[in-house]
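For reference, the structure discussed in these notes is given below.
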Number of protein chains: 2
Amino acid sequence: VTAATRSYNFGPGNPDPGVFPSRDLGAAAQRVLARVGAELAHYPEQHGLPELRALAQDRFERNHHVRPPLEHIVITNGATQGLQLCAMGLARPGDDVVLEEFEYSGTIRVFHQCGLNLVPAPLDDGGMRMDALADILERQAAIGRRPAFIYTTASYQNPTGTTQPVERRRRLLDLARRYELPIVEDDTYGDICFEPQLEPAIYSLANPGEALYIGSFSKILGPGVRLGFFIAPESITSRLLPWKLDGGTSMLSQLVAAEYFESALWEHVEEGRNAVKEKRNTLLDALESEFGGVPGMSWTRPDGGLFLWVKLPEDVNRVRLHDLATARGITYSTGQAFHALNQDVPYLRLAFGWIDKEDIPEGVRVLAECVRAAMPAGHAVGG
Amino acid sequence: VTAATRSYNFGPGNPDPGVFPSRDLGAAAQRVLARVGAELAHYPEQHGLPELRALAQDRFERNHHVRPPLEHIVITNGATQGLQLCAMGLARPGDDVVLEEFEYSGTIRVFHQCGLNLVPAPLDDGGMRMDALADILERQAAIGRRPAFIYTTASYQNPTGTTQPVERRRRLLDLARRYELPIVEDDTYGDICFEPQLEPAIYSLANPGEALYIGSFSKILGPGVRLGFFIAPESITSRLLPWKLDGGTSMLSQLVAAEYFESALWEHVEEGRNAVKEKRNTLLDALESEFGGVPGMSWTRPDGGLFLWVKLPEDVNRVRLHDLATARGITYSTGQAFHALNQDVPYLRLAFGWIDKEDIPEGVRVLAECVRAAMPAGHAVGG
């Protein structure tokens, strides 16, 4: 193996860097600081900047046809802080939380740090399986361990890219209602949709207090601005806010993002979607041509988001695959990083937001070579 | 009582709003976003932006003549987040923490939320009393309750404005060493010094690992940027960072602040100091002329910071005083808000950073009228 001369980065869950609006954001910063910069001499309001909360409100209404009250919207330091607040405000250390078996490693880390016990529910191409969830909730009830909440990324899940159809969302609500468990719906990727049909947010189908909705500005702008939000009625918010112990979310970030999005929100969201959708299409084409028909291999076909989940043949040597790929300049995330119980599973996650579109076919071709080389002798892999 | 036509806001612990550099900050934002704006498409580095950490390093060295290693400096979402990380990383719920009897209400809130048990040490004009601390530590050892850490704001303490002289800092270190307790030194107000002589930070007198230093950019720029930092060796940092569950501190805030401070740090610090020092002088003069010689009244004479602590005569009706003052447009903070055990003590805090200098004499005059009116008949109050 010679030293890699190129690199193919399927690692980071970032949006397309090419559409990042550096210039427009700089202009927005200058405008808003000239106008209301002295606001920064105050501590931020605990619920966040009203203008940014109103943008979150408009976004939710446009996507889900329900308008949450402004007072139910709280700005956070990225969606990640929303997870932390749920883990600390809705649960106590030692509590169980039900979540997708494959889950964003950052989510797992937050929940673990807060002492939560993860109870994984299997997924299929339609996201969390409701038959499995029903069994889990029944079993938990039988042993007297009531989960603190059910956590789900119903749309464009990380790492699998799967989306729950609306029937499944209604079933999830029914189950949560029966066992009187709150649902934490993480819609971090919700705006990066590639199809005109959006599934309605669970929050929009729920009665007040049944669900908390977590949103993000990270994926439609950039994670570096650290802006997310949650939507919940006062009965839930009052349990979360005491744990927001950071003195408030950067008002500089809030002012600049609100000023920029005031005029550019949907245009910028559309630009981001299109850029990432083209990459998804290129990736799906490349996977089909390199891996199509290989026994034991399959992958998801996400309708949105930034991730695609590849099942590897069971007999691939995954350590060797990772070493080979790294040596050839390929970065991806191993399945184990996303398993709720840290099991070494035959999967890998390919993120397609960050990598240059032009590099995708060659990256997948090199990855296919690595997979072949990591197979036991005699197992044929296409290509 | 007629409706107030003017208001006198001695409430907020903010720096002088008049020196807030809106225009320069806007220009810095535009420059830095044009140059490296696409950095925001990434998650922030966990330790923070190296350029901003280097500024914290330079600041510490200039103030305290010791240069901490860059890798010991971590950017936080304001100093407040540093408190949270200490409360979660150095202590467990139920642990004791020793701190000044009068303490910033925000600090008390963070420690309480994290389940800590506050053990107050009395102060005098030289800050936390070391004879009292020695007694407390002996008593705690005798009952087998080892505190998780000693928390102190050694310079320009909030709410009292007091500063520990260097001998007291050395004694504090000796005591902490004897009982093997870490010191958390909060130097949020450290740069707002009015005298050429700065007491050395406890951190600069300590051996590695004996003290953690918390600093802030809030008081030399504005709390709305939400930027602070802590300095500690890896052995301590590794206990704190797992609790930084917010996905990182706003890189937008970090980039803009670093770009602005790169050229303007000391000039801006000096401007802020001078503005606030004039207000302190005006406030001290006004207190002397309105309250000088009144039995039972006294106040601190801070060498820096934003606060002054007024002792009221014991027989002032404090509820009535607060009602009267509010009706006359005076805002101050009651002593009880800052008592570690929430006791109703005969003190009030006057913050002098935010109020217009021109309003201070009249504000104190009105306050004196209110104090007189809140005294039992027959008790003479000057003026």
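Numbering starts fresh at 1 for the residues of each chain in the structure tokens, the chains themselves are lettered A, B, ... in the order given, and ligands are numbered from 1 as they appear.
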task: With a distance cut-off of 10 Å and only C-alpha atoms, select the neighbouring residues of stretch 337-346 of chain A, excluding the residue or stretch itself and same-chain residues fewer than 2 positions from it, and output the selection as an MDAnalysis selection string.
output: chainID A and resid 98:109 112 117:121 158:160 297 310:318 333:335 348:349
Exercise for the section: May I ask you to extract the residues of chain A within 8 Å of chain B, using only C-alpha atoms, and to give them as an NGL selection string? Expected result: :A and (14-17 or 20-23 or 25-27 or 29-34 or 36-44 or 77-78 or 80-81 or 84 or 110 or 113 or 221-226 or 242-243 or 245-253)
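You will find atom CA of B:Lys277 at 15.7 Å from atom CA of B:Thr163.
Those residues of stretch 139-212 of chain A that DSSP, working from the backbone, places in helix (DSSP H, G or I) are Arg139, Gln140, Ala141, Ala142, Val166, Glu167, Arg168, Arg169, Arg170, Arg171, Leu172, Leu173, Asp174, Leu175, Ala176, Arg177, Arg178, Ile202, Tyr203, Ser204 and Leu205 of chain A.
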Which neighbours of B:Asp303 fall inside 10 Å, counting only C-alpha atoms, when residues of the same chain fewer than 5 positions from it are skipped, and could you give them as a ChimeraX atom specification?
/B:155-156,161-163,192-198,277,280
Show which residues sit within 12 Å of B:Arg146, as an mmCIF file with N, CA and C atoms, in the first residue's frame. Count only C-alpha atoms, and ignore same-chain residues fewer than 3 positions away.
```cif
data_model
loop_
_atom_site.group_PDB
_atom_site.id
_atom_site.type_symbol
_atom_site.label_atom_id
_atom_site.label_comp_id
_atom_site.auth_asym_id
_atom_site.auth_seq_id
_atom_site.Cartn_x
_atom_site.Cartn_y
_atom_site.Cartn_z
ATOM 1 N N ALA B 91 -17.086 17.620 41.784
ATOM 2 C CA ALA B 91 -17.927 17.254 42.932
ATOM 3 C C ALA B 91 -19.016 16.300 42.469
ATOM 4 N N ARG B 92 -19.654 15.674 43.435
ATOM 5 C CA ARG B 92 -20.824 14.852 43.160
ATOM 6 C C ARG B 92 -21.991 15.415 43.966
ATOM 7 N N GLY B 94 -24.509 16.240 46.596
ATOM 8 C CA GLY B 94 -24.416 15.977 48.035
ATOM 9 C C GLY B 94 -23.099 16.403 48.638
ATOM 10 N N ASP B 95 -22.098 16.633 47.797
ATOM 11 C CA ASP B 95 -20.790 17.062 48.316
ATOM 12 C C ASP B 95 -20.858 18.478 48.890
ATOM 13 N N ASP B 96 -19.953 18.763 49.810
ATOM 14 C CA ASP B 96 -19.801 20.112 50.349
ATOM 15 C C ASP B 96 -18.851 20.932 49.486
ATOM 16 N N VAL B 97 -19.128 22.215 49.405
ATOM 17 C CA VAL B 97 -18.212 23.171 48.789
ATOM 18 C C VAL B 97 -18.089 24.359 49.736
ATOM 19 N N VAL B 98 -16.865 24.761 50.021
ATOM 20 C CA VAL B 98 -16.640 25.930 50.868
ATOM 21 C C VAL B 98 -16.536 27.159 49.974
ATOM 22 N N ASN B 117 -23.762 21.132 48.530
ATOM 23 C CA ASN B 117 -24.098 21.667 49.838
ATOM 24 C C ASN B 117 -23.119 22.804 50.148
ATOM 25 N N VAL B 119 -21.062 25.530 52.142
ATOM 26 C CA VAL B 119 -20.502 25.766 53.478
ATOM 27 C C VAL B 119 -19.875 27.157 53.458
ATOM 28 N N ILE B 136 -13.357 26.037 59.672
ATOM 29 C CA ILE B 136 -14.316 25.250 58.882
ATOM 30 C C ILE B 136 -13.673 23.952 58.403
ATOM 31 N N LEU B 137 -12.457 24.065 57.881
ATOM 32 C CA LEU B 137 -11.819 22.871 57.339
ATOM 33 C C LEU B 137 -11.522 21.865 58.450
ATOM 34 N N GLU B 138 -11.159 22.382 59.609
ATOM 35 C CA GLU B 138 -10.914 21.484 60.739
ATOM 36 C C GLU B 138 -12.202 20.770 61.148
ATOM 37 N N ARG B 139 -13.271 21.558 61.205
ATOM 38 C CA ARG B 139 -14.571 21.000 61.595
ATOM 39 C C ARG B 139 -15.036 19.949 60.578
ATOM 40 N N GLN B 140 -14.881 20.283 59.282
ATOM 41 C CA GLN B 140 -15.305 19.333 58.245
ATOM 42 C C GLN B 140 -14.516 18.033 58.350
ATOM 43 N N ALA B 141 -13.205 18.187 58.590
ATOM 44 C CA ALA B 141 -12.367 16.985 58.711
ATOM 45 C C ALA B 141 -12.818 16.159 59.915
ATOM 46 N N ALA B 142 -13.175 16.872 60.991
ATOM 47 C CA ALA B 142 -13.568 16.165 62.218
ATOM 48 C C ALA B 142 -14.835 15.340 62.010
ATOM 49 N N ILE B 143 -15.742 15.861 61.179
ATOM 50 C CA ILE B 143 -16.979 15.106 60.964
ATOM 51 C C ILE B 143 -16.894 14.229 59.714
ATOM 52 N N PHE B 149 -14.276 21.080 46.862
ATOM 53 C CA PHE B 149 -13.312 22.129 46.533
ATOM 54 C C PHE B 149 -13.639 23.387 47.330
ATOM 55 N N ILE B 150 -12.669 24.312 47.336
ATOM 56 C CA ILE B 150 -12.882 25.639 47.917
ATOM 57 C C ILE B 150 -13.066 26.604 46.756
ATOM 58 N N ALA B 176 -5.495 24.748 51.858
ATOM 59 C CA ALA B 176 -5.993 23.804 50.853
ATOM 60 C C ALA B 176 -5.029 22.632 50.697
ATOM 61 N N TYR B 179 -5.255 20.138 53.632
ATOM 62 C CA TYR B 179 -6.411 19.231 53.573
ATOM 63 C C TYR B 179 -6.566 18.594 52.187
ATOM 64 N N GLU B 180 -5.612 18.866 51.310
ATOM 65 C CA GLU B 180 -5.623 18.291 49.956
ATOM 66 C C GLU B 180 -6.927 18.575 49.222
ATOM 67 N N LEU B 181 -7.302 19.846 49.234
ATOM 68 C CA LEU B 181 -8.519 20.263 48.537
ATOM 69 C C LEU B 181 -8.153 21.154 47.349
ATOM 70 N N PRO B 182 -8.772 20.944 46.193
ATOM 71 C CA PRO B 182 -8.521 21.868 45.085
ATOM 72 C C PRO B 182 -9.192 23.220 45.334
#
```
| message | Which of stretch 58-294 of chain A end up as strand (DSSP E) when DSSP is run on this backbone - answer as JSON, numbers by chain? | response | {"A": [73, 74, 75, 76, 96, 97, 98, 99, 100, 117, 118, 119, 120, 121, 123, 124, 127, 128, 149, 150, 151, 152, 183, 184, 185, 186, 211, 212, 213, 214, 215, 216, 228, 229, 230, 231]}
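As for atom CA of B:Pro122 and atom CA of B:Trp309, they are spaced 14.2 Å apart.
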Can you list, as a compact mmCIF listing (two decimals) with N, CA, C and O atoms, in the first residue's frame, every protein, DNA or RNA residue that comes within 8 Å of B:Tyr332 when you count only C-alpha atoms, leaving out same-chain residues fewer than 3 positions away?
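Everything below was put into selection-v1.txt:
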```txt
# COMPACT_ATOMS: atom_id res chain seq x y z
N ASN B 9 -30.47 52.56 37.92
CA ASN B 9 -30.31 51.12 37.88
C ASN B 9 -28.95 50.68 38.44
O ASN B 9 -27.96 50.61 37.72
N PHE B 10 -28.94 50.38 39.74
CA PHE B 10 -27.74 49.82 40.38
C PHE B 10 -27.81 48.29 40.39
O PHE B 10 -27.17 47.66 41.21
N GLY B 11 -28.61 47.72 39.50
CA GLY B 11 -28.84 46.29 39.53
C GLY B 11 -27.83 45.42 38.79
O GLY B 11 -27.16 44.60 39.39
N LEU B 348 -27.11 45.49 51.04
CA LEU B 348 -27.56 45.55 49.66
C LEU B 348 -26.35 45.73 48.76
O LEU B 348 -25.30 46.20 49.19
N ARG B 349 -26.52 45.29 47.51
CA ARG B 349 -25.43 45.40 46.54
C ARG B 349 -25.74 46.51 45.55
O ARG B 349 -26.83 46.53 44.95
N LEU B 350 -24.79 47.41 45.40
CA LEU B 350 -24.90 48.43 44.36
C LEU B 350 -23.91 48.10 43.25
O LEU B 350 -22.70 48.02 43.49
N ALA B 351 -24.42 47.90 42.05
CA ALA B 351 -23.55 47.69 40.89
C ALA B 351 -23.36 49.03 40.20
O ALA B 351 -24.32 49.77 40.00
```
### stretch 47-55 of chain A surroundings by only C-alpha atoms, 9 Å radius, close-in-sequence under 3 positions cut, as a VMD selection string
chain A and resid 44 58 to 60 70 to 76 229 241 248 to 249 251 254 to 255 257 to 259 261 to 262 265
A straight line from atom CA of B:Met88 to atom CA of B:Glu185 spans 16.0 Å
